[in-house]
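Structure file data26.cif with mmCIF, C-alpha atoms and all ligand atoms:
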```
data_data
#
loop_
_atom_site.label_atom_id
_atom_site.label_comp_id
_atom_site.auth_asym_id
_atom_site.auth_seq_id
_atom_site.Cartn_x
_atom_site.Cartn_y
_atom_site.Cartn_z
CA MET A 867 65.23 96.64 82.48
CA SER A 868 62.50 97.38 79.97
CA GLU A 869 62.77 100.29 77.56
CA ARG A 870 59.27 101.38 78.53
CA ASN A 871 60.24 102.21 82.12
CA SER A 872 63.62 103.75 81.35
CA SER A 873 62.45 107.28 82.13
CA GLU A 874 61.45 106.51 85.72
CA LEU A 875 63.53 108.19 88.42
CA SER A 876 64.31 104.82 90.02
CA THR A 877 65.96 103.71 86.77
CA VAL A 878 68.57 106.46 86.78
CA LEU A 879 69.08 106.02 90.53
CA GLU A 880 69.66 102.30 90.04
CA LYS A 881 72.35 103.14 87.47
CA ALA A 882 73.84 105.69 89.90
CA LEU A 883 74.01 103.14 92.73
CA ALA A 884 75.47 100.51 90.39
CA LEU A 885 78.35 102.92 89.59
CA SER A 886 79.03 102.95 93.35
CA LYS A 887 79.02 99.12 93.22
CA VAL A 888 75.97 98.47 95.42
CA GLN A 889 75.80 94.67 95.53
CA PRO A 890 72.99 92.18 96.22
CA GLY A 891 72.82 91.53 99.96
CA GLU A 892 74.86 94.58 100.86
CA ARG A 893 73.91 96.42 104.08
CA VAL A 894 72.69 99.85 102.98
CA VAL A 895 71.14 102.69 104.98
CA LEU A 896 68.86 105.08 103.09
CA LEU A 897 69.11 108.23 105.20
CA HIS A 898 67.06 111.43 105.27
CA PRO A 899 66.07 114.18 107.74
CA TYR A 900 62.61 114.53 109.28
CA ILE A 901 61.58 117.49 107.08
CA GLY A 902 62.57 119.31 103.94
CA TYR A 903 63.80 116.38 101.87
CA ASN A 904 62.57 115.39 98.43
CA ALA A 905 60.25 112.43 99.07
CA ARG A 906 60.24 111.42 95.39
CA ILE A 907 64.02 110.97 95.42
CA VAL A 908 63.87 108.92 98.64
CA GLU A 909 61.12 106.77 97.08
CA GLY A 910 63.13 106.39 93.86
CA LEU A 911 66.16 105.25 95.88
CA ARG A 912 63.99 102.79 97.82
CA VAL A 913 62.85 101.18 94.55
CA ALA A 914 66.40 101.24 93.14
CA LEU A 915 67.87 99.57 96.26
CA ASN A 916 65.12 96.95 96.18
CA ASN A 917 65.79 96.25 92.50
CA LEU A 918 69.48 95.84 93.32
CA ASP A 919 68.60 93.31 96.07
CA ALA A 920 70.38 95.36 98.73
CA ASP A 921 69.74 94.47 102.38
CA PHE A 922 68.61 98.00 103.23
CA VAL A 923 66.79 100.00 105.87
CA ARG A 924 65.41 103.52 105.66
CA LEU A 925 66.49 105.79 108.51
CA GLU A 926 64.84 109.11 109.32
CA LEU A 927 66.90 111.33 111.61
CA PRO A 928 64.98 113.33 114.25
CA PRO A 929 65.47 117.04 115.03
CA ARG A 930 68.03 117.59 117.81
CA SER A 931 68.93 120.69 119.79
CA GLU A 932 71.15 121.93 122.57
CA GLY A 933 69.11 124.43 124.53
CA MET A 934 67.47 126.66 121.95
CA ARG A 935 70.04 125.89 119.24
CA GLN A 936 69.37 123.24 116.57
CA VAL A 937 72.37 120.97 116.09
CA THR A 938 73.38 118.11 113.80
CA PRO A 939 70.69 115.41 113.70
CA LEU A 940 73.37 112.74 114.09
CA GLY A 941 72.95 111.18 117.56
CA PRO A 942 75.17 108.42 119.02
CA TYR A 943 72.73 105.62 118.13
CA ALA A 944 72.49 106.81 114.52
CA VAL A 945 76.31 106.86 114.39
CA ASP A 946 76.35 103.22 115.60
CA VAL A 947 73.82 102.18 112.95
CA LEU A 948 75.68 104.00 110.17
CA LYS A 949 79.01 102.46 111.20
CA ARG A 950 77.45 99.00 110.69
CA ALA A 951 76.43 99.89 107.12
CA GLN A 952 78.52 99.01 104.07
CA MET A 953 76.92 101.88 102.18
CA VAL A 954 74.96 104.98 103.18
CA VAL A 955 72.77 106.79 100.66
CA ARG A 956 71.60 110.18 101.87
CA VAL A 957 68.98 112.62 100.63
CA SER A 958 69.66 116.06 102.13
CA PRO A 959 67.16 118.68 103.33
CA ARG A 960 66.66 121.90 101.42
CA PRO A 961 69.43 124.27 102.55
CA ALA A 962 68.81 126.41 105.64
CA LEU A 963 65.64 124.51 106.61
CA THR A 964 67.14 122.32 109.32
CA PRO A 965 70.73 121.37 110.21
CA ASP A 966 72.10 118.48 108.17
CA ILE A 967 74.99 116.15 108.90
CA SER A 968 78.01 118.05 107.67
CA VAL A 969 80.77 116.02 106.06
CA TYR A 970 82.95 118.20 108.31
CA HIS A 971 81.39 116.82 111.52
CA PRO A 972 83.98 114.57 113.26
CA SER A 973 81.44 111.68 113.36
CA PHE A 974 81.27 111.74 109.57
CA SER A 975 84.97 110.86 109.15
CA GLU A 976 84.59 108.32 111.98
CA ILE A 977 81.80 106.47 110.10
CA LEU A 978 83.85 106.33 106.89
CA ALA A 979 86.99 105.26 108.77
CA GLY A 980 85.22 101.96 109.45
CA GLY A 981 84.88 101.33 105.71
CA ALA A 982 81.29 102.43 105.06
CA ARG A 983 80.82 104.11 101.67
CA TRP A 984 78.58 107.18 101.46
CA LEU A 985 76.80 108.72 98.47
CA ASP A 986 74.91 112.01 98.83
CA PHE A 987 72.00 113.25 96.73
CA MET A 988 71.72 117.01 97.21
CA ILE A 989 70.33 118.04 93.82
CA ASP A 990 66.89 118.08 92.21
CA GLU A 991 65.36 115.29 90.12
CA ALA A 992 66.03 116.89 86.72
CA SER A 993 69.67 117.54 87.68
CA ILE A 994 70.13 113.93 88.83
CA TRP A 995 69.51 112.96 85.18
CA ARG A 996 71.31 115.93 83.64
CA LEU A 997 74.57 115.51 85.57
CA PHE A 998 74.95 111.74 85.14
CA PRO A 999 78.75 111.27 85.05
CA SER A 1000 80.14 110.52 81.59
CA PRO A 1001 82.99 107.98 81.26
CA GLN A 1002 85.21 110.85 80.05
CA MET A 1003 84.41 112.91 83.14
CA ILE A 1004 85.17 110.01 85.46
CA GLU A 1005 88.50 109.42 83.68
CA ARG A 1006 89.66 113.07 83.58
CA THR A 1007 88.69 113.57 87.22
CA LEU A 1008 90.65 110.59 88.50
CA ALA A 1009 93.63 111.55 86.33
CA GLY A 1010 93.42 115.05 87.81
CA ALA A 1011 93.41 113.69 91.37
CA LEU A 1012 96.55 111.66 90.66
CA ARG A 1013 98.24 114.81 89.31
CA MET A 1014 97.04 116.85 92.28
CA GLU A 1015 98.37 114.20 94.66
CA LYS A 1016 101.90 114.61 93.25
CA ALA A 1017 101.89 118.42 93.17
CA LYS A 1018 103.62 120.47 95.84
CA THR A 1019 102.27 123.87 94.83
CA VAL A 1020 99.01 125.18 93.36
CA ARG A 1021 99.05 128.62 91.77
CA VAL A 1022 96.02 130.44 90.37
CA ALA A 1023 95.97 133.67 88.37
CA SER A 1024 93.67 135.76 86.19
CA ASP A 1025 93.75 138.83 83.94
CA THR A 1026 91.51 140.49 86.54
CA GLY A 1027 94.26 140.47 89.20
CA THR A 1028 94.26 137.09 90.94
CA ASP A 1029 97.72 135.77 91.75
CA LEU A 1030 97.59 133.31 94.62
CA THR A 1031 99.91 130.46 95.58
CA VAL A 1032 99.36 127.66 98.11
CA GLN A 1033 101.56 124.76 99.22
CA LYS A 1034 100.21 121.23 99.59
CA THR A 1035 103.12 118.82 100.13
CA GLY A 1036 101.80 115.72 101.92
CA ARG A 1037 98.14 116.49 101.27
CA LYS A 1038 95.73 114.31 99.30
CA GLY A 1039 94.79 114.76 95.67
CA ALA A 1040 91.00 114.63 96.10
CA GLU A 1041 88.29 114.10 93.53
CA GLN A 1042 84.52 113.91 93.28
CA SER A 1043 82.82 112.22 90.36
CA GLY A 1044 79.56 111.04 91.96
CA ILE A 1045 80.94 107.57 92.66
CA ALA A 1046 81.62 105.99 96.07
CA ALA A 1047 82.89 102.56 95.08
CA GLU A 1048 85.87 101.85 97.37
CA PRO A 1049 85.61 101.14 101.11
CA GLY A 1050 85.33 104.38 103.07
CA ALA A 1051 84.74 106.54 99.98
CA TRP A 1052 82.34 109.49 100.06
CA ASP A 1053 80.93 111.25 97.02
CA ASN A 1054 78.14 113.57 95.96
CA TRP A 1055 75.97 112.72 92.96
CA GLY A 1056 76.34 115.04 89.96
CA PHE A 1057 79.64 116.58 91.09
CA GLY A 1058 82.89 116.49 89.09
CA LEU A 1059 85.99 118.17 90.49
CA VAL A 1060 89.61 117.85 91.60
CA CYS A 1061 90.84 119.59 94.74
CA CYS A 1062 93.11 119.57 97.78
CA ALA A 1063 93.36 121.07 101.25
CA PRO A 1064 96.44 123.31 101.15
CA LEU A 1065 98.80 123.66 104.11
CA GLU A 1066 97.00 126.04 106.45
CA ASP A 1067 99.64 128.79 106.70
CA SER A 1068 100.72 128.74 103.06
CA ALA A 1069 98.26 130.87 101.05
CA ASP A 1070 99.87 134.06 99.85
CA GLY A 1071 98.72 136.61 97.25
CA THR A 1072 95.51 138.07 95.87
CA TYR A 1073 92.20 136.53 94.85
CA VAL A 1074 89.87 138.62 92.71
CA VAL A 1075 86.17 137.81 92.28
CA SER A 1076 84.49 139.52 89.30
CA PRO A 1077 80.88 140.15 88.28
CA GLY A 1078 79.57 136.88 86.83
CA ASP A 1079 81.56 134.67 89.22
CA SER A 1080 79.91 132.95 92.19
CA ALA A 1081 82.26 133.29 95.12
CA ALA A 1082 81.75 136.38 97.27
CA THR A 1083 78.09 136.36 98.27
CA ILE A 1084 76.70 135.33 101.65
CA GLU A 1085 74.16 133.12 99.87
CA ARG A 1086 75.58 129.97 98.34
CA VAL A 1087 75.21 129.48 94.59
CA ALA A 1088 74.52 133.14 93.74
CA ILE A 1089 76.03 135.19 90.94
CA ASP A 1090 78.43 137.99 91.94
CA ARG A 1091 77.48 141.49 90.78
CA GLU A 1092 80.59 143.31 91.96
CA ARG A 1093 84.36 142.99 92.05
CA VAL A 1094 85.67 141.80 95.43
CA VAL A 1095 89.40 141.59 96.21
CA PHE A 1096 90.70 139.22 98.90
CA ARG A 1097 94.32 139.61 100.05
CA PHE A 1098 96.13 136.75 101.80
CA GLU A 1099 99.06 136.69 104.17
CA LYS A 1100 100.46 133.54 105.84
CA GLY A 1101 97.41 131.47 104.95
CA ARG A 1102 94.68 133.89 105.99
CA VAL A 1103 92.55 136.51 104.28
CA VAL A 1104 93.71 139.82 105.78
CA SER A 1105 91.55 142.21 103.75
CA ILE A 1106 88.36 142.17 101.67
CA GLU A 1107 87.94 145.19 99.42
CA GLY A 1108 85.29 146.38 96.98
CA GLY A 1109 81.80 147.87 97.25
CA ALA A 1110 78.65 146.88 99.09
CA GLN A 1111 79.12 143.18 98.39
CA ALA A 1112 82.59 143.22 99.96
CA GLU A 1113 81.21 145.09 102.98
CA LEU A 1114 78.49 142.45 103.47
CA MET A 1115 81.05 139.68 103.16
CA ARG A 1116 83.34 141.36 105.73
CA MET A 1117 80.49 141.80 108.22
CA HIS A 1118 79.31 138.23 107.69
CA LEU A 1119 82.76 136.74 108.26
CA GLU A 1120 83.46 138.98 111.29
CA SER A 1121 80.23 137.68 112.87
CA PHE A 1122 81.85 134.26 113.39
CA ASN A 1123 84.61 135.82 115.49
CA ASP A 1124 86.93 133.01 114.41
CA PRO A 1125 90.33 133.52 112.72
CA ASN A 1126 90.04 130.10 111.04
CA VAL A 1127 87.12 131.26 108.92
CA TYR A 1128 89.74 133.11 106.81
CA ARG A 1129 91.79 130.00 106.01
CA ILE A 1130 91.43 128.00 102.78
CA ALA A 1131 89.54 124.69 103.09
CA HIS A 1132 90.02 123.42 99.54
CA ILE A 1133 91.10 124.64 96.13
CA GLY A 1134 90.81 123.00 92.72
CA TRP A 1135 89.02 122.91 89.38
CA GLY A 1136 85.72 121.67 87.91
CA THR A 1137 85.60 118.71 85.51
CA GLN A 1138 81.85 118.27 84.89
CA GLU A 1139 81.22 119.14 81.22
CA LYS A 1140 77.46 118.91 81.80
CA ALA A 1141 77.40 121.59 84.50
CA VAL A 1142 75.72 124.94 83.78
CA TRP A 1143 76.61 128.37 85.14
CA GLY A 1144 73.68 130.45 86.45
CA GLY A 1145 70.01 130.14 85.60
CA PRO A 1146 67.26 127.94 87.06
CA ASN A 1147 69.33 124.72 86.92
CA PHE A 1148 72.35 126.17 88.75
CA THR A 1149 72.76 123.62 91.58
CA THR A 1150 75.53 123.25 94.16
CA ALA A 1151 76.93 120.54 91.90
CA ASP A 1152 77.08 122.94 88.92
CA TRP A 1153 78.58 125.63 91.11
CA GLU A 1154 81.58 123.56 92.25
CA SER A 1155 81.96 121.38 89.18
CA PHE A 1156 81.54 123.70 86.15
CA TYR A 1157 84.10 122.57 83.59
CA GLY A 1158 87.29 124.64 83.97
CA CYS A 1159 86.08 126.77 86.88
CA MET A 1160 88.45 127.44 89.79
CA MET A 1161 86.81 126.52 93.09
CA LEU A 1162 88.04 128.01 96.35
CA HIS A 1163 86.36 127.33 99.70
CA PHE A 1164 87.29 128.46 103.19
CA GLY A 1165 86.93 127.16 106.74
CA VAL A 1166 86.73 123.67 108.22
CA ASN A 1167 88.48 120.93 106.21
CA ILE A 1168 89.24 118.15 108.70
CA PHE A 1169 87.04 115.78 106.66
CA ASN A 1170 88.93 112.65 105.66
CA THR A 1171 88.31 109.09 104.46
CA PRO A 1172 90.38 105.90 104.04
CA ALA A 1173 89.96 106.15 100.25
CA ARG A 1174 93.04 107.48 98.45
CA HIS A 1175 91.33 110.33 96.59
CA LYS A 1176 88.30 111.05 98.76
CA GLY A 1177 88.30 113.56 101.60
CA LEU A 1178 90.63 116.45 102.38
CA GLY A 1179 92.67 115.70 105.50
CA GLY A 1180 93.17 119.35 106.38
CA LYS A 1181 93.63 120.87 109.84
CA VAL A 1182 91.08 123.70 109.98
CA PRO A 1183 89.03 122.46 112.95
CA ALA A 1184 85.43 121.25 113.28
CA GLY A 1185 82.97 124.02 114.00
CA THR A 1186 84.62 126.55 111.67
CA HIS A 1187 82.13 128.03 109.17
CA HIS A 1188 82.66 126.64 105.64
CA TRP A 1189 82.04 129.03 102.75
CA GLY A 1190 83.31 130.09 99.32
CA GLY A 1191 82.52 129.51 95.69
CA ALA A 1192 83.96 129.29 92.21
CA VAL A 1193 85.29 131.75 89.65
CA LEU A 1194 85.50 131.73 85.85
CA ASN A 1195 88.35 132.64 83.47
CA HIS A 1196 91.08 131.67 85.91
CA SER A 1197 94.30 129.80 85.15
CA LEU A 1198 95.68 127.10 87.44
CA TRP A 1199 99.15 125.57 87.65
CA LEU A 1200 100.25 122.44 89.53
CA ASP A 1201 103.92 123.16 90.25
CA ASP A 1202 105.06 124.60 86.90
CA GLU A 1203 102.53 122.85 84.67
CA LEU A 1204 99.58 124.81 83.30
CA ILE A 1205 96.42 122.73 83.89
CA VAL A 1206 93.66 125.29 83.27
CA ASP A 1207 94.23 128.27 80.97
CA LYS A 1208 91.71 131.11 81.52
CA GLY A 1209 88.89 128.68 82.28
CA ARG A 1210 89.83 126.03 79.69
CA ILE A 1211 91.43 122.75 80.78
CA VAL A 1212 94.56 122.45 78.61
CA ALA A 1213 96.64 119.61 80.14
CA PRO A 1214 96.16 116.99 77.37
CA ASP A 1215 95.24 114.04 79.60
CA LEU A 1216 93.02 116.07 81.91
CA LYS A 1217 90.74 117.64 79.27
FE FE B 1 83.55 123.16 100.23
#
```

Could you take the file, read its structure, and then write that structure out as structure tokens?
Ligand SMILES: [Fe+2]
Amino acid sequence: MSERNSSELSTVLEKALALSKVQPGERVVLLHPYIGYNARIVEGLRVALNNLDADFVRLELPPRSEGMRQVTPLGPYAVDVLKRAQMVVRVSPRPALTPDISVYHPSFSEILAGGARWLDFMIDEASIWRLFPSPQMIERTLAGALRMEKAKTVRVASDTGTDLTVQKTGRKGAEQSGIAAEPGAWDNWGFGLVCCAPLEDSADGTYVVSPGDSAATIERVAIDRERVVFRFEKGRVVSIEGGAQAELMRMHLESFNDPNVYRIAHIGWGTQEKAVWGGPNFTTADWESFYGCMMLHFGVNIFNTPARHKGLGGKVPAGTHHWGGAVLNHSLWLDDELIVDKGRIVAPDLK
């Protein structure tokens, strides 16, 4: 690769795909929706896959609907094609423009169960460069997943009033580091985090979102302006208190008319030292991966994969709305060991 071309998008994408071990001759599907995707990123991936000598096709999914409701673009034929792939590389639409294939759709786990790897690109071009995983991030994230795998209990607390405990015996220690290298692995480029799906009835305590966090707004990836207090009993949020923001959140969640929307999907911490908090470069990857943040999402978590540390394997069913965010200045314990102290990772081998 010549120095002169090293700033081309395809160059960084080629390095990204090489981390996920895309091999010459490998069957790869380059997947995107019919509108709302970043054509430059698709084109950059096309060049990268060609340079890597992959045996690839580009697949554009059509719009699909049931009656007057738009649904996942993943039809049965597309599922068949994707199951035949060894690797799927997806560029997602801009949020809210058209339905995308959720990782929580049952077909998604079915495709990965056959051994296909899957790498998502959901972030902008500048962030694809900016969030390139460092060797240290990859190492601390995998080490964190191993520790999460062994843990039976996750406790989080803050000076602002959070004190929440969940149980996870038997559940995976999951990680995302932007690399889908083993058969059946899924990952999301730019992300760095460790998490798990807790046992559905186990969450007990209080979760406090403060101004400056990003966890209690209807919009994803927005900064909280008010304090919002969530109280849990037997695995479910039973009250949401605060001001106008809490009221909006309550109304929004009630609109789904679904008790499972109040159950935790996944909980964990961010490991991406390159992630920013707020501002024009605040992507979904930054939001979930910010170094030392505590991430807590709710709703569907049935997503699973054959890879040891990829996927959640929870029991909150398909169709449940998935929502949540991340908070700063929280502490997190795995069993009795302090892993994150007020937003700083302190476990020596997980820093
Ligand atoms: Fe989530």

Spatial neighbours of A:Thr1035, 9 Å, only C-alpha atoms, chain gap at least 5 places, as a list in words = Glu1015, Lys1016, Ala1017, Lys1018, Thr1019, Pro1064 and Leu1065 of chain A

Looking at only C-alpha atoms and all ligand atoms, which of A:Met1003, A:Val1060, A:Leu1119, A:Ala1047 is the one that sits closest to ligand FE 1 (chain B)?
-> A:Val1060

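You can rank A:Arg1013, A:Arg1129, A:Lys1140, A:His1196 by their closest distance to A:Lys1181 using all atoms listed in the file, and at the top of that list sits A:Arg1129.
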
Neighbours of stretch 962-976 of chain A within 6 Å (only C-alpha atoms; same-chain residues fewer than 2 positions away dropped), as an MDAnalysis selection string?
-> chainID A and resid 938 960 978:979 1169:1170

For those residues, write C-alpha atoms to a file as an mmCIF file, keeping the file's coordinate frame.
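Saved as again21.cif:
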```cif
data_model
loop_
_atom_site.group_PDB
_atom_site.id
_atom_site.type_symbol
_atom_site.label_atom_id
_atom_site.label_comp_id
_atom_site.auth_asym_id
_atom_site.auth_seq_id
_atom_site.Cartn_x
_atom_site.Cartn_y
_atom_site.Cartn_z
ATOM 1 C CA THR A 938 73.380 118.110 113.800
ATOM 2 C CA ARG A 960 66.660 121.900 101.420
ATOM 3 C CA LEU A 978 83.850 106.330 106.890
ATOM 4 C CA ALA A 979 86.990 105.260 108.770
ATOM 5 C CA PHE A 1169 87.040 115.780 106.660
ATOM 6 C CA ASN A 1170 88.930 112.650 105.660
#
```

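Based on all atoms listed in the file, the protein and nucleic acid residues found within 8 Å of ligand FE 1 (chain B) are, by chain and then by number, Ala1131, His1132, Leu1162, His1163, Phe1164, His1188, Trp1189, Gly1190 and Gly1191 of chain A.
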
Listing only residues of stretch 1046-1085 of chain A within 10 Å of stretch 1156-1161 of chain A, what is the closest atom pair and its distance in Å (to one decimal) for each, using all atoms listed in the file, sorted by chain and residue number ascending, as a tab-separated table?
```
residue	atom	partner	partner_atom	distance
A:Phe1057	CA	A:Phe1156	CA	8.9
A:Gly1058	CA	A:Phe1156	CA	7.9
A:Leu1059	CA	A:Phe1156	CA	8.3
A:Val1060	CA	A:Met1161	CA	9.2
A:Cys1061	CA	A:Met1161	CA	8.2
A:Asp1079	CA	A:Cys1159	CA	9.4
A:Ser1080	CA	A:Met1161	CA	9.5
A:Ala1081	CA	A:Met1161	CA	8.4
```

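For the atom pair formed by atom CA of A:Gly1180 and atom CA of A:Gly1165, the distance is 10.0 Å, given to one decimal.
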
Å distance separating atom CA of A:Glu1139 from atom CA of A:Ala1082, one decimal place = 23.6 Å

A:Val908 surroundings by only C-alpha atoms, 10 Å radius, close-in-sequence under 3 positions cut, as a VMD selection string = chain A and resid 876 896 to 898 903 to 905 911 to 914 924 955 to 958 987

Quote the spacing between atom CA of A:Thr1007 and atom CA of A:Ala882 in Å to one decimal place.
-> 17.0 Å
